[in-house]
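Shown here: work.txt, compact mmCIF, C-alpha atoms.
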```txt
# COMPACT_ATOMS: atom_id res chain seq x y z
CA MET A 1 -11.09 25.04 3.55
CA ALA A 2 -7.29 24.71 3.86
CA GLU A 3 -7.64 23.96 7.58
CA ASP A 4 -10.21 21.23 6.80
CA LEU A 5 -7.86 19.61 4.27
CA LYS A 6 -4.97 19.80 6.74
CA ALA A 7 -7.15 18.00 9.30
CA VAL A 8 -7.95 15.25 6.76
CA ALA A 9 -4.24 14.79 5.99
CA ARG A 10 -3.36 14.65 9.70
CA ARG A 11 -6.14 12.16 10.44
CA THR A 12 -5.00 9.96 7.55
CA LEU A 13 -1.45 9.74 8.91
CA GLU A 14 -2.18 9.79 12.63
CA GLU A 15 -5.18 7.44 12.70
CA ILE A 16 -6.23 5.80 9.45
CA ILE A 17 -2.94 4.38 8.15
CA PRO A 18 -1.43 3.32 11.50
CA ASN A 19 -4.68 1.48 12.34
CA GLY A 20 -4.98 -0.15 8.90
CA ASP A 21 -8.45 1.40 8.49
CA ALA A 22 -9.47 0.64 4.88
CA ALA A 23 -12.95 2.14 5.40
CA GLY A 24 -11.32 5.32 6.70
CA LEU A 25 -9.06 5.45 3.65
CA ARG A 26 -12.07 5.01 1.37
CA ALA A 27 -13.76 7.94 3.15
CA VAL A 28 -10.89 10.37 2.44
CA MET A 29 -9.65 9.20 -0.98
CA HIS A 30 -11.27 9.23 -4.39
CA PRO A 31 -11.63 5.69 -5.84
CA GLN A 32 -9.41 6.70 -8.78
CA VAL A 33 -6.78 8.48 -6.67
CA VAL A 34 -3.48 8.69 -8.55
CA ASN A 35 -0.51 7.61 -6.46
CA HIS A 36 2.60 8.93 -8.18
CA GLY A 37 5.37 6.43 -7.48
CA PRO A 38 3.46 3.56 -5.84
CA PRO A 39 5.36 0.56 -4.45
CA ALA A 40 6.23 -2.04 -7.09
CA GLY A 41 3.31 -4.30 -7.83
CA ALA A 42 0.64 -2.05 -6.33
CA PRO A 43 -2.52 -1.72 -8.42
CA PRO A 44 -3.67 1.76 -9.45
CA GLY A 45 -6.21 3.84 -7.55
CA LEU A 46 -7.58 3.36 -4.08
CA ASP A 47 -6.94 -0.41 -4.19
CA GLY A 48 -3.22 0.31 -4.51
CA MET A 49 -3.28 2.74 -1.60
CA ILE A 50 -5.04 0.15 0.56
CA GLN A 51 -2.56 -2.53 -0.50
CA ALA A 52 0.40 -0.28 0.40
CA MET A 53 -1.19 0.43 3.79
CA ARG A 54 -1.57 -3.32 4.36
CA TRP A 55 2.09 -3.94 3.45
CA VAL A 56 3.16 -1.41 6.07
CA GLN A 57 0.69 -2.84 8.59
CA GLY A 58 1.97 -6.38 8.00
CA GLY A 59 5.63 -5.40 8.22
CA PHE A 60 5.65 -3.00 11.16
CA SER A 61 4.10 -2.97 14.60
CA GLU A 62 4.06 0.10 16.86
CA ARG A 63 3.26 2.21 13.78
CA ARG A 64 2.93 5.95 14.15
CA PHE A 65 3.64 9.11 12.20
CA GLU A 66 5.27 12.00 13.99
CA ILE A 67 4.04 15.06 12.13
CA HIS A 68 6.52 17.93 11.99
CA GLN A 69 4.72 20.35 9.71
CA VAL A 70 1.52 20.59 7.65
CA ILE A 71 1.21 23.25 4.97
CA ALA A 72 -1.84 23.89 2.80
CA GLU A 73 -2.34 26.11 -0.19
CA GLY A 74 -5.51 25.95 -2.24
CA ASP A 75 -6.40 22.31 -2.81
CA THR A 76 -2.95 20.92 -1.92
CA VAL A 77 -1.55 19.81 1.45
CA VAL A 78 2.08 19.01 2.23
CA VAL A 79 2.97 16.96 5.31
CA HIS A 80 6.53 16.56 6.61
CA CYS A 81 6.65 13.63 9.03
CA THR A 82 8.66 10.75 10.44
CA PHE A 83 7.32 7.20 10.33
CA HIS A 84 8.14 5.16 13.46
CA GLY A 85 7.62 1.44 13.87
CA ARG A 86 9.19 -1.91 14.68
CA HIS A 87 9.96 -4.36 11.86
CA THR A 88 8.10 -7.40 13.19
CA GLY A 89 6.68 -8.87 9.98
CA GLN A 90 7.58 -9.63 6.39
CA PHE A 91 8.09 -6.37 4.46
CA MET A 92 8.99 -6.08 0.78
CA GLY A 93 10.71 -9.47 0.88
CA LEU A 94 12.60 -8.81 4.13
CA ALA A 95 12.21 -11.20 7.04
CA PRO A 96 11.40 -9.50 10.35
CA THR A 97 14.40 -8.01 12.16
CA ASN A 98 12.55 -6.71 15.24
CA GLN A 99 14.47 -3.46 14.69
CA PRO A 100 12.87 -0.14 15.57
CA VAL A 101 12.82 2.19 12.57
CA ALA A 102 12.28 5.89 12.05
CA PHE A 103 12.52 7.53 8.66
CA ARG A 104 11.40 10.86 7.28
CA GLN A 105 8.76 11.37 4.63
CA VAL A 106 7.07 14.20 2.78
CA HIS A 107 3.56 13.64 1.45
CA ILE A 108 1.92 15.97 -1.06
CA VAL A 109 -1.80 15.47 -1.52
CA ARG A 110 -4.11 17.26 -3.92
CA PHE A 111 -7.78 17.26 -2.98
CA GLN A 112 -10.94 17.68 -4.98
CA ASP A 113 -14.34 17.94 -3.29
CA GLY A 114 -12.75 17.00 0.05
CA LYS A 115 -11.15 13.75 -1.18
CA ALA A 116 -7.56 13.01 -2.13
CA VAL A 117 -7.23 12.71 -5.91
CA GLU A 118 -3.42 12.74 -6.24
CA HIS A 119 -0.59 11.71 -3.92
CA TRP A 120 3.17 12.09 -4.14
CA ALA A 121 5.57 10.80 -1.49
CA VAL A 122 9.24 11.42 -0.89
CA ARG A 123 10.57 8.88 1.60
CA ASP A 124 14.00 8.16 2.98
CA ASP A 125 13.98 4.57 1.71
CA LEU A 126 17.76 4.41 1.88
CA GLY A 127 17.62 5.32 5.57
CA LEU A 128 14.99 2.64 6.15
CA GLY A 129 17.11 0.09 4.28
CA ARG A 130 20.13 0.97 6.42
CA GLN A 131 18.11 0.52 9.61
CA LEU A 132 16.92 -2.89 8.41
CA GLY A 133 20.45 -3.98 7.46
CA VAL A 134 19.83 -4.00 3.70
CA PHE A 135 22.43 -1.28 3.05
CA PRO A 136 25.50 -0.43 5.09
CA GLY A 137 25.30 2.85 6.97
CA PRO A 138 27.87 5.61 6.74
CA PRO A 139 30.95 5.08 8.93
CA GLY A 140 30.51 6.25 12.52
CA ARG A 141 26.73 6.62 12.37
CA ALA A 142 24.22 4.17 13.78
CA GLY A 143 20.66 4.04 14.99
CA PRO A 144 17.23 4.80 13.61
CA GLY A 145 16.03 8.13 12.36
CA GLY A 146 19.40 9.58 11.49
CA ALA A 147 18.29 12.01 8.79
```

Just dump the structure as structure tokens.
Amino acid sequence: MAEDLKAVARRTLEEIIPNGDAAGLRAVMHPQVVNHGPPAGAPPGLDGMIQAMRWVQGGFSERRFEIHQVIAEGDTVVVHCTFHGRHTGQFMGLAPTNQPVAFRQVHIVRFQDGKAVEHWAVRDDLGLGRQLGVFPGPPGRAGPGGA
């Protein structure tokens, strides 16, 4: 079962989200999925997850997740990954910069009956903001993905 859940998590990050596949997201997530720490303004449940996916899709082209590690225990899967993309559209109020970005994330997903029912994410939002010019970077360090 753990291997099946790991495969669902991988497919979600490697195929469903980068392709903006709302039907695919509906197939792997419970309609009342709880997203702990959703983006500001996102509705609860699956609708909020789809909206967040659309925000990423609208803001970044060349989207892909580089998966570093997937761990499963019982009904919970943890994925350590790096999101890669190019900021070519409006994102969270930021005009497109055409900058390539790469920032690390950890996703924790609890499943029930094969569908995601809870999601937690830890993202390097500061690193993303630095790459997009929102925050100054540390002295002597430049370029995407520096975490």

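When only C-alpha atoms are used to compute distances to Thr12 in chain A, the closest of the residues A:Leu126, A:Asp47, A:Ala121, A:Gly24 turns out to be A:Gly24.
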
(Q) Using all atoms listed in the file, can you tell me which of A:Gly58, A:Ala42, A:Ala7, A:Val33 comes closest to Trp120 in chain A? (A) A:Val33

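Between CA of Glu14 in chain A and CA of Gln131 in chain A lies a distance of 22.5 Å.
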
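Picture a line from CA of Ala95 in chain A to CA of His80 in chain A; it runs 28.3 Å.
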
Q: Excluding Ile17 in chain A and residues on its chain fewer than 3 positions from it, collect all residues at most 10 Å away from it, counting all atoms listed in the file, and give them as a PyMOL selection string.
A: chain A and resi 11-14+20-22+24-25+49-50+52-54+56-57+63-65

Q. Distance CA of Phe91 in chain A-CA of Lys6 in chain A, one decimal place?
A.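 CA of Lys6 in chain A lies 29.3 Å from CA of Phe91 in chain A.
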
(Q) I need the residue nearest Glu3 in chain A from this list: A:Val79, A:Arg26, A:Glu118, A:Ala72. Use all atoms listed in the file for the distance. (A)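 Distance minimum relative to Glu3 in chain A lands on A:Ala72.
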
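If only C-alpha atoms are the atoms counted, then among A:Val28, A:Ser61, A:Val134, A:Gly127 the closest residue to Val8 in chain A is A:Val28.
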
Q: Name the closest residue to Val78 in chain A among the candidates A:Gly129, A:Arg10, A:Gly59, A:Met1; distances are taken between atoms, counting only C-alpha atoms.
A: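 For Val78 in chain A, the nearest of the given residues is A:Arg10.
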
Q: Would you mind telling me which residue in A:Leu132, A:Leu46, A:Ile108, A:Val101 lies nearest to Val70 in chain A when using only C-alpha atoms?
A: A:Ile108

Q) Got a sec: who's within 10 Å of His84 in chain A, counting all atoms listed in the file, leaving out chain neighbours fewer than 3 positions off, as a list of chain:residue names? A)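 Using all atoms listed in the file, the neighbours found are A:Pro18, A:Phe60, A:Ser61, A:Glu62, A:Arg63, A:Arg64, A:Phe65, A:Glu66, A:Cys81, A:His87, A:Pro100, A:Val101, A:Ala102, A:Phe103, A:Arg104, A:Pro144, A:Gly145.
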
Please put the answer as lines of an AutoDock Vina configuration file: centre and edge lengths, in Å with one decimal, of a box along x, y and z that encloses all listed atoms of range 114-117 of chain A plus 6 Å on each side.
```
center_x = -10.0
center_y = 14.9
center_z = -2.9
size_x = 17.5
size_y = 16.3
size_z = 18.0
```

Q. What lies within 6 Å of Val109 in chain A using only C-alpha atoms, ignoring chain neighbours under 5 positions off, as a list in words?
A. Thr76, Val77, Glu118 and His119 of chain A
